[in-house]
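Shown next: structure.pdb, given as PDB, C-alpha atoms.
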```
MODEL        1
ATOM      1  CA  MET A  27      59.202 -18.949  41.618  1.00  0.00           C
ATOM      2  CA  LEU A  28      56.202 -21.042  42.643  1.00  0.00           C
ATOM      3  CA  PHE A  29      56.137 -22.591  39.159  1.00  0.00           C
ATOM      4  CA  PHE A  30      59.660 -23.945  39.625  1.00  0.00           C
ATOM      5  CA  LYS A  31      58.896 -25.316  43.075  1.00  0.00           C
ATOM      6  CA  ARG A  32      55.909 -27.279  41.758  1.00  0.00           C
ATOM      7  CA  ARG A  33      57.913 -28.549  38.828  1.00  0.00           C
ATOM      8  CA  SER A  34      60.673 -29.669  41.157  1.00  0.00           C
ATOM      9  CA  LYS A  35      58.105 -31.402  43.376  1.00  0.00           C
ATOM     10  CA  LYS A  36      56.670 -33.224  40.380  1.00  0.00           C
ATOM     11  CA  THR A  37      60.140 -34.169  39.139  1.00  0.00           C
ATOM     12  CA  ILE A  38      61.193 -35.625  42.496  1.00  0.00           C
ATOM     13  CA  GLN A  39      57.929 -37.531  42.846  1.00  0.00           C
ATOM     14  CA  GLU A  40      58.327 -38.930  39.323  1.00  0.00           C
ATOM     15  CA  SER A  41      61.907 -39.951  40.106  1.00  0.00           C
ATOM     16  CA  LEU A  42      60.807 -41.747  43.263  1.00  0.00           C
ATOM     17  CA  ALA A  43      58.062 -43.594  41.379  1.00  0.00           C
ATOM     18  CA  THR A  44      60.502 -44.526  38.603  1.00  0.00           C
ATOM     19  CA  VAL A  45      63.223 -45.851  40.905  1.00  0.00           C
ATOM     20  CA  PHE A  46      60.964 -47.497  43.498  1.00  0.00           C
ATOM     21  CA  THR A  47      58.359 -48.865  41.107  1.00  0.00           C
ATOM     22  CA  ALA A  48      56.520 -51.388  43.241  1.00  0.00           C
ATOM     23  CA  PRO A  49      55.538 -51.102  46.911  1.00  0.00           C
ATOM     24  CA  GLY A  50      57.843 -53.003  49.245  1.00  0.00           C
ATOM     25  CA  ILE A  51      61.263 -52.891  50.866  1.00  0.00           C
ATOM     26  CA  TYR A  52      64.275 -51.574  48.982  1.00  0.00           C
ATOM     27  CA  TYR A  53      67.868 -51.881  50.192  1.00  0.00           C
ATOM     28  CA  VAL A  54      70.541 -49.380  49.205  1.00  0.00           C
ATOM     29  CA  TYR A  55      74.114 -50.299  50.070  1.00  0.00           C
ATOM     30  CA  MET A  56      76.265 -47.722  51.853  1.00  0.00           C
ATOM     31  CA  ARG A  57      79.977 -48.355  52.455  1.00  0.00           C
ATOM     32  CA  ASP A  58      79.920 -46.838  55.966  1.00  0.00           C
ATOM     33  CA  HIS A  59      77.868 -44.765  58.408  1.00  0.00           C
ATOM     34  CA  GLU A  60      79.315 -41.498  57.119  1.00  0.00           C
ATOM     35  CA  GLN A  61      78.075 -42.220  53.608  1.00  0.00           C
ATOM     36  CA  THR A  62      74.709 -43.324  55.029  1.00  0.00           C
ATOM     37  CA  ASN A  63      74.344 -40.025  56.868  1.00  0.00           C
ATOM     38  CA  ASN A  64      75.473 -37.959  53.855  1.00  0.00           C
ATOM     39  CA  VAL A  65      73.068 -39.669  51.436  1.00  0.00           C
ATOM     40  CA  PHE A  66      70.190 -39.491  53.926  1.00  0.00           C
ATOM     41  CA  GLN A  67      70.805 -35.769  54.495  1.00  0.00           C
ATOM     42  CA  ARG A  68      71.080 -35.150  50.729  1.00  0.00           C
ATOM     43  CA  TYR A  69      67.713 -36.850  50.179  1.00  0.00           C
ATOM     44  CA  VAL A  70      66.108 -34.888  53.022  1.00  0.00           C
ATOM     45  CA  LYS A  71      67.405 -31.628  51.548  1.00  0.00           C
ATOM     46  CA  GLN A  72      65.985 -32.560  48.142  1.00  0.00           C
ATOM     47  CA  PHE A  73      62.609 -33.378  49.697  1.00  0.00           C
ATOM     48  CA  VAL A  74      62.564 -30.100  51.641  1.00  0.00           C
ATOM     49  CA  ASP A  75      63.632 -28.059  48.600  1.00  0.00           C
ATOM     50  CA  ALA A  76      60.943 -29.731  46.476  1.00  0.00           C
ATOM     51  CA  GLY A  77      58.276 -29.186  49.140  1.00  0.00           C
ATOM     52  CA  ILE A  78      57.379 -32.866  49.525  1.00  0.00           C
ATOM     53  CA  MET A  79      58.363 -33.528  53.141  1.00  0.00           C
ATOM     54  CA  LYS A  80      54.721 -34.102  54.068  1.00  0.00           C
ATOM     55  CA  ASP A  81      54.704 -37.002  51.596  1.00  0.00           C
ATOM     56  CA  ILE A  82      57.892 -38.676  52.866  1.00  0.00           C
ATOM     57  CA  GLY A  83      58.446 -40.705  56.020  1.00  0.00           C
ATOM     58  CA  LEU A  84      61.850 -40.473  57.691  1.00  0.00           C
ATOM     59  CA  ILE A  85      63.194 -43.122  60.031  1.00  0.00           C
ATOM     60  CA  SER A  86      66.493 -42.549  61.788  1.00  0.00           C
ATOM     61  CA  GLN A  87      68.052 -43.538  65.054  1.00  0.00           C
ATOM     62  CA  THR A  88      69.989 -40.270  65.098  1.00  0.00           C
ATOM     63  CA  ASP A  89      67.061 -37.920  64.410  1.00  0.00           C
ATOM     64  CA  THR A  90      64.037 -39.819  65.678  1.00  0.00           C
ATOM     65  CA  ALA A  91      61.581 -36.911  65.968  1.00  0.00           C
ATOM     66  CA  ILE A  92      60.120 -38.832  68.908  1.00  0.00           C
ATOM     67  CA  ILE A  93      58.793 -36.431  71.535  1.00  0.00           C
ATOM     68  CA  PRO A  94      59.804 -37.935  74.903  1.00  0.00           C
ATOM     69  CA  TYR A  95      57.156 -36.260  77.082  1.00  0.00           C
ATOM     70  CA  LEU A  96      54.314 -37.546  74.878  1.00  0.00           C
ATOM     71  CA  THR A  97      52.987 -41.070  75.194  1.00  0.00           C
ATOM     72  CA  VAL A  98      53.942 -43.654  72.608  1.00  0.00           C
ATOM     73  CA  ARG A  99      50.352 -43.497  71.266  1.00  0.00           C
ATOM     74  CA  SER A 100      50.589 -39.709  70.897  1.00  0.00           C
ATOM     75  CA  ASN A 101      53.928 -40.060  69.122  1.00  0.00           C
ATOM     76  CA  LEU A 102      52.341 -42.486  66.679  1.00  0.00           C
ATOM     77  CA  MET A 103      49.626 -39.913  65.979  1.00  0.00           C
ATOM     78  CA  VAL A 104      51.902 -36.871  65.548  1.00  0.00           C
ATOM     79  CA  ASN A 105      51.296 -36.710  61.791  1.00  0.00           C
ATOM     80  CA  GLN A 106      47.858 -36.398  60.297  1.00  0.00           C
ATOM     81  CA  HIS A 107      46.209 -39.764  60.884  1.00  0.00           C
ATOM     82  CA  LYS A 108      44.921 -41.020  57.497  1.00  0.00           C
ATOM     83  CA  VAL A 109      44.920 -44.795  58.002  1.00  0.00           C
ATOM     84  CA  PRO A 110      42.937 -46.718  60.669  1.00  0.00           C
ATOM     85  CA  PHE A 111      44.883 -47.617  63.817  1.00  0.00           C
ATOM     86  CA  ASP A 112      43.971 -51.274  63.329  1.00  0.00           C
ATOM     87  CA  ILE A 113      46.432 -51.521  60.421  1.00  0.00           C
ATOM     88  CA  LEU A 114      49.142 -51.706  63.086  1.00  0.00           C
ATOM     89  CA  PRO A 115      50.299 -55.141  64.202  1.00  0.00           C
ATOM     90  CA  GLU A 116      48.610 -56.576  67.255  1.00  0.00           C
ATOM     91  CA  PHE A 117      51.727 -56.265  69.434  1.00  0.00           C
ATOM     92  CA  ILE A 118      51.517 -52.478  69.103  1.00  0.00           C
ATOM     93  CA  ARG A 119      47.738 -52.052  69.165  1.00  0.00           C
ATOM     94  CA  THR A 120      47.112 -54.141  72.278  1.00  0.00           C
ATOM     95  CA  ASP A 121      50.067 -53.290  74.523  1.00  0.00           C
ATOM     96  CA  LYS A 122      48.336 -50.576  76.542  1.00  0.00           C
ATOM     97  CA  LEU A 123      51.214 -50.294  79.002  1.00  0.00           C
ATOM     98  CA  PHE A 124      53.602 -49.514  76.151  1.00  0.00           C
ATOM     99  CA  LEU A 125      51.165 -47.209  74.329  1.00  0.00           C
ATOM    100  CA  GLU A 126      50.271 -45.102  77.370  1.00  0.00           C
ATOM    101  CA  ASN A 127      53.798 -44.640  78.753  1.00  0.00           C
ATOM    102  CA  PRO A 128      55.915 -41.609  77.886  1.00  0.00           C
ATOM    103  CA  ALA A 129      58.223 -42.247  74.935  1.00  0.00           C
ATOM    104  CA  THR A 130      61.360 -42.221  77.063  1.00  0.00           C
ATOM    105  CA  ASP A 131      63.968 -44.946  77.435  1.00  0.00           C
ATOM    106  CA  LEU A 132      62.863 -46.718  74.282  1.00  0.00           C
ATOM    107  CA  SER A 133      64.950 -49.445  72.704  1.00  0.00           C
ATOM    108  CA  ILE A 134      66.280 -48.897  69.196  1.00  0.00           C
ATOM    109  CA  ARG A 135      63.672 -51.334  67.893  1.00  0.00           C
ATOM    110  CA  GLN A 136      60.850 -49.465  69.642  1.00  0.00           C
ATOM    111  CA  GLN A 137      62.096 -46.169  68.193  1.00  0.00           C
ATOM    112  CA  LEU A 138      62.096 -47.679  64.698  1.00  0.00           C
ATOM    113  CA  ASP A 139      58.617 -49.107  65.230  1.00  0.00           C
ATOM    114  CA  ILE A 140      57.230 -45.734  66.330  1.00  0.00           C
ATOM    115  CA  GLN A 141      58.769 -43.892  63.384  1.00  0.00           C
ATOM    116  CA  PHE A 142      57.751 -46.517  60.843  1.00  0.00           C
ATOM    117  CA  PHE A 143      54.172 -46.915  62.058  1.00  0.00           C
ATOM    118  CA  ARG A 144      53.792 -43.132  62.394  1.00  0.00           C
ATOM    119  CA  SER A 145      54.557 -42.964  58.665  1.00  0.00           C
ATOM    120  CA  VAL A 146      52.145 -45.820  57.951  1.00  0.00           C
ATOM    121  CA  LEU A 147      49.322 -44.099  59.854  1.00  0.00           C
ATOM    122  CA  ALA A 148      50.047 -40.913  57.887  1.00  0.00           C
ATOM    123  CA  ASN A 149      49.893 -42.980  54.660  1.00  0.00           C
ATOM    124  CA  LYS A 150      53.359 -41.939  53.470  1.00  0.00           C
ATOM    125  CA  ARG A 151      54.068 -43.365  50.001  1.00  0.00           C
ATOM    126  CA  PHE A 152      57.852 -43.438  50.496  1.00  0.00           C
ATOM    127  CA  MET A 153      59.738 -43.938  53.754  1.00  0.00           C
ATOM    128  CA  PHE A 154      63.490 -43.545  54.003  1.00  0.00           C
ATOM    129  CA  MET A 155      65.399 -45.249  56.793  1.00  0.00           C
ATOM    130  CA  ALA A 156      68.988 -44.598  57.811  1.00  0.00           C
ATOM    131  CA  ASP A 157      71.195 -46.188  60.449  1.00  0.00           C
ATOM    132  CA  GLY A 158      68.490 -48.297  62.074  1.00  0.00           C
ATOM    133  CA  LEU A 159      68.960 -51.929  61.104  1.00  0.00           C
ATOM    134  CA  ASP A 160      72.716 -51.728  61.581  1.00  0.00           C
ATOM    135  CA  ASN A 161      72.173 -51.271  65.310  1.00  0.00           C
ATOM    136  CA  LEU A 162      69.782 -54.178  65.811  1.00  0.00           C
ATOM    137  CA  SER A 163      70.636 -57.796  66.466  1.00  0.00           C
ATOM    138  CA  THR A 164      70.111 -60.143  63.535  1.00  0.00           C
ATOM    139  CA  ASP A 165      66.903 -61.481  65.114  1.00  0.00           C
ATOM    140  CA  GLU A 166      65.574 -57.973  65.828  1.00  0.00           C
ATOM    141  CA  ALA A 167      66.333 -56.833  62.273  1.00  0.00           C
ATOM    142  CA  ARG A 168      64.657 -59.917  60.801  1.00  0.00           C
ATOM    143  CA  ASP A 169      61.614 -59.393  63.034  1.00  0.00           C
ATOM    144  CA  PHE A 170      61.379 -55.706  62.071  1.00  0.00           C
ATOM    145  CA  LEU A 171      61.591 -56.536  58.364  1.00  0.00           C
ATOM    146  CA  THR A 172      58.946 -59.232  58.727  1.00  0.00           C
ATOM    147  CA  THR A 173      56.664 -56.869  60.672  1.00  0.00           C
ATOM    148  CA  VAL A 174      56.743 -54.075  58.082  1.00  0.00           C
ATOM    149  CA  VAL A 175      55.822 -56.154  55.017  1.00  0.00           C
ATOM    150  CA  GLN A 176      52.053 -56.322  55.581  1.00  0.00           C
ATOM    151  CA  PRO A 177      51.525 -52.624  56.445  1.00  0.00           C
ATOM    152  CA  LEU A 178      53.620 -51.566  53.426  1.00  0.00           C
ATOM    153  CA  ALA A 179      51.502 -53.736  51.148  1.00  0.00           C
ATOM    154  CA  ALA A 180      48.255 -52.519  52.740  1.00  0.00           C
ATOM    155  CA  ILE A 181      48.997 -48.862  52.005  1.00  0.00           C
ATOM    156  CA  GLU A 182      51.044 -49.554  48.848  1.00  0.00           C
ATOM    157  CA  SER A 183      54.181 -47.878  50.182  1.00  0.00           C
ATOM    158  CA  SER A 184      57.902 -48.411  49.927  1.00  0.00           C
ATOM    159  CA  LEU A 185      60.498 -48.501  52.671  1.00  0.00           C
ATOM    160  CA  ILE A 186      63.931 -47.541  51.378  1.00  0.00           C
ATOM    161  CA  ILE A 187      66.640 -48.718  53.754  1.00  0.00           C
ATOM    162  CA  LEU A 188      70.129 -47.239  53.534  1.00  0.00           C
ATOM    163  CA  THR A 189      72.317 -49.986  54.981  1.00  0.00           C
ATOM    164  CA  THR A 190      75.947 -50.967  55.405  1.00  0.00           C
ATOM    165  CA  ASP A 191      74.890 -54.626  55.376  1.00  0.00           C
ATOM    166  CA  LYS A 192      75.868 -55.753  51.883  1.00  0.00           C
ATOM    167  CA  SER A 193      74.259 -59.162  52.453  1.00  0.00           C
ATOM    168  CA  LEU A 194      70.783 -57.566  52.578  1.00  0.00           C
ATOM    169  CA  VAL A 195      71.351 -56.011  49.163  1.00  0.00           C
ATOM    170  CA  GLU A 196      72.781 -59.221  47.714  1.00  0.00           C
ATOM    171  CA  ALA A 197      69.960 -61.341  49.163  1.00  0.00           C
ATOM    172  CA  ASN A 198      67.373 -59.109  47.487  1.00  0.00           C
ATOM    173  CA  PRO A 199      68.553 -58.669  43.887  1.00  0.00           C
ATOM    174  CA  LYS A 200      65.231 -57.250  42.648  1.00  0.00           C
ATOM    175  CA  THR A 201      65.055 -54.545  45.306  1.00  0.00           C
ATOM    176  CA  GLY A 202      68.707 -54.160  46.268  1.00  0.00           C
ATOM    177  CA  MET A 203      70.937 -51.391  44.940  1.00  0.00           C
ATOM    178  CA  MET A 204      74.681 -51.151  45.244  1.00  0.00           C
ATOM    179  CA  THR A 205      74.650 -47.363  44.771  1.00  0.00           C
ATOM    180  CA  ALA A 206      72.251 -44.702  45.940  1.00  0.00           C
ATOM    181  CA  PRO A 207      69.927 -43.617  43.160  1.00  0.00           C
ATOM    182  CA  THR A 208      69.953 -40.017  42.034  1.00  0.00           C
ATOM    183  CA  LEU A 209      66.567 -38.428  42.534  1.00  0.00           C
TER     184      LEU A 209
ENDMDL
END
```

Step by step, read the file and then write its structure as structure tokens.
Amino acid sequence: MLFFKRRSKKTIQESLATVFTAPGIYYVYMRDHEQTNNVFQRYVKQFVDAGIMKDIGLISQTDTAIIPYLTVRSNLMVNQHKVPFDILPEFIRTDKLFLENPATDLSIRQQLDIQFFRSVLANKRFMFMADGLDNLSTDEARDFLTTVVQPLAAIESSLIILTTDKSLVEANPKTGMMTAPTL
């Protein structure tokens, strides 16, 4: 049985590397939030079944995995810390008030930042994001996307965004997909 689990792990990892060839941001179009949730859950199940959850970052407004009684800094460090803290943008590293407060009453953007940068610090090769950008203003979404580019490049990772915003997919023809890839 262990042989099959390892083979499945290798197969999923090969599929991820084949579909998301270069580090960066990928956009996968979803027709609605129900499809987004279904595809996200299907991917999570595949990652769990293959035993690669420790290698995958998950970002979701619905299931944030943010622990409210811990500080923001502690939430960032929940996973094994493999990358120096100074890879984070200055606005996160230097805001001591934000970092030392409990992770309660966070904005959607702050929740996304914590989840994304937690994955960066853990050096996750692939990060999957569901339902986050759709709930940000256009300016907040643009700022988030601008903020994640440098850390993704620094650790050679990919952020795969499941989105109902067709314009993001169309504006990024090299990294946009109109259907969710089979892994």

Exercise for the section: Just the residues within 8 Å of region 74-87 of chain A, please, counting all atoms listed in the file, with nothing from its chain fewer than 6 positions along; format it as a PyMOL selection string. Expected result: chain A and resi 31-32+34-35+38+134+137-138+141-142+145+150-158

Just C-alpha atoms for this one: save the residues we selected as a compact mmCIF listing (two decimals), in the coordinates of the input.
```txt
# COMPACT_ATOMS: atom_id res chain seq x y z
CA LYS A 31 58.90 -25.32 43.08
CA ARG A 32 55.91 -27.28 41.76
CA SER A 34 60.67 -29.67 41.16
CA LYS A 35 58.10 -31.40 43.38
CA ILE A 38 61.19 -35.62 42.50
CA ILE A 134 66.28 -48.90 69.20
CA GLN A 137 62.10 -46.17 68.19
CA LEU A 138 62.10 -47.68 64.70
CA GLN A 141 58.77 -43.89 63.38
CA PHE A 142 57.75 -46.52 60.84
CA SER A 145 54.56 -42.96 58.66
CA LYS A 150 53.36 -41.94 53.47
CA ARG A 151 54.07 -43.36 50.00
CA PHE A 152 57.85 -43.44 50.50
CA MET A 153 59.74 -43.94 53.75
CA PHE A 154 63.49 -43.54 54.00
CA MET A 155 65.40 -45.25 56.79
CA ALA A 156 68.99 -44.60 57.81
CA ASP A 157 71.19 -46.19 60.45
CA GLY A 158 68.49 -48.30 62.07
```

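Residues lying within 12 Å of Glu126 (chain A), counting all atoms listed in the file and ignoring same-chain neighbours fewer than 4 positions away, are Tyr95, Leu96, Thr97, Val98, Arg99, Ser100, Asn101, Leu102, Ile118, Arg119, Thr120, Asp121, Lys122 and Thr130 of chain A.
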
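Ranking A:Leu171, A:Val104, A:Ala91, A:Leu114 by their shortest atom-to-atom distance to Ile186 (chain A), with all atoms listed in the file included, puts A:Leu171 first.
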
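Between CA of His107 (chain A) and CA of Leu147 (chain A) there is a distance of 5.4 Å.
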
Handout entry: Who sits within 10 Å of Pro177 (chain A), all atoms listed in the file, same chain under 6 positions skipped, as a PyMOL selection string
Key = chain A and resi 50+113-115+142-143+146-147+149+183

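One distance worth recording is that between CA of Leu185 (chain A) and CA of Arg135 (chain A), which is 15.8 Å.
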
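The interatomic distance for the pair CA of Val195 (chain A) and CA of Glu166 (chain A) works out to 17.7 Å.
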
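Minimum atom-to-atom distance to Gln39 (chain A), evaluated using only C-alpha atoms, belongs to A:Gln72 out of A:Ile93, A:Ile181, A:His59, A:Gln72.
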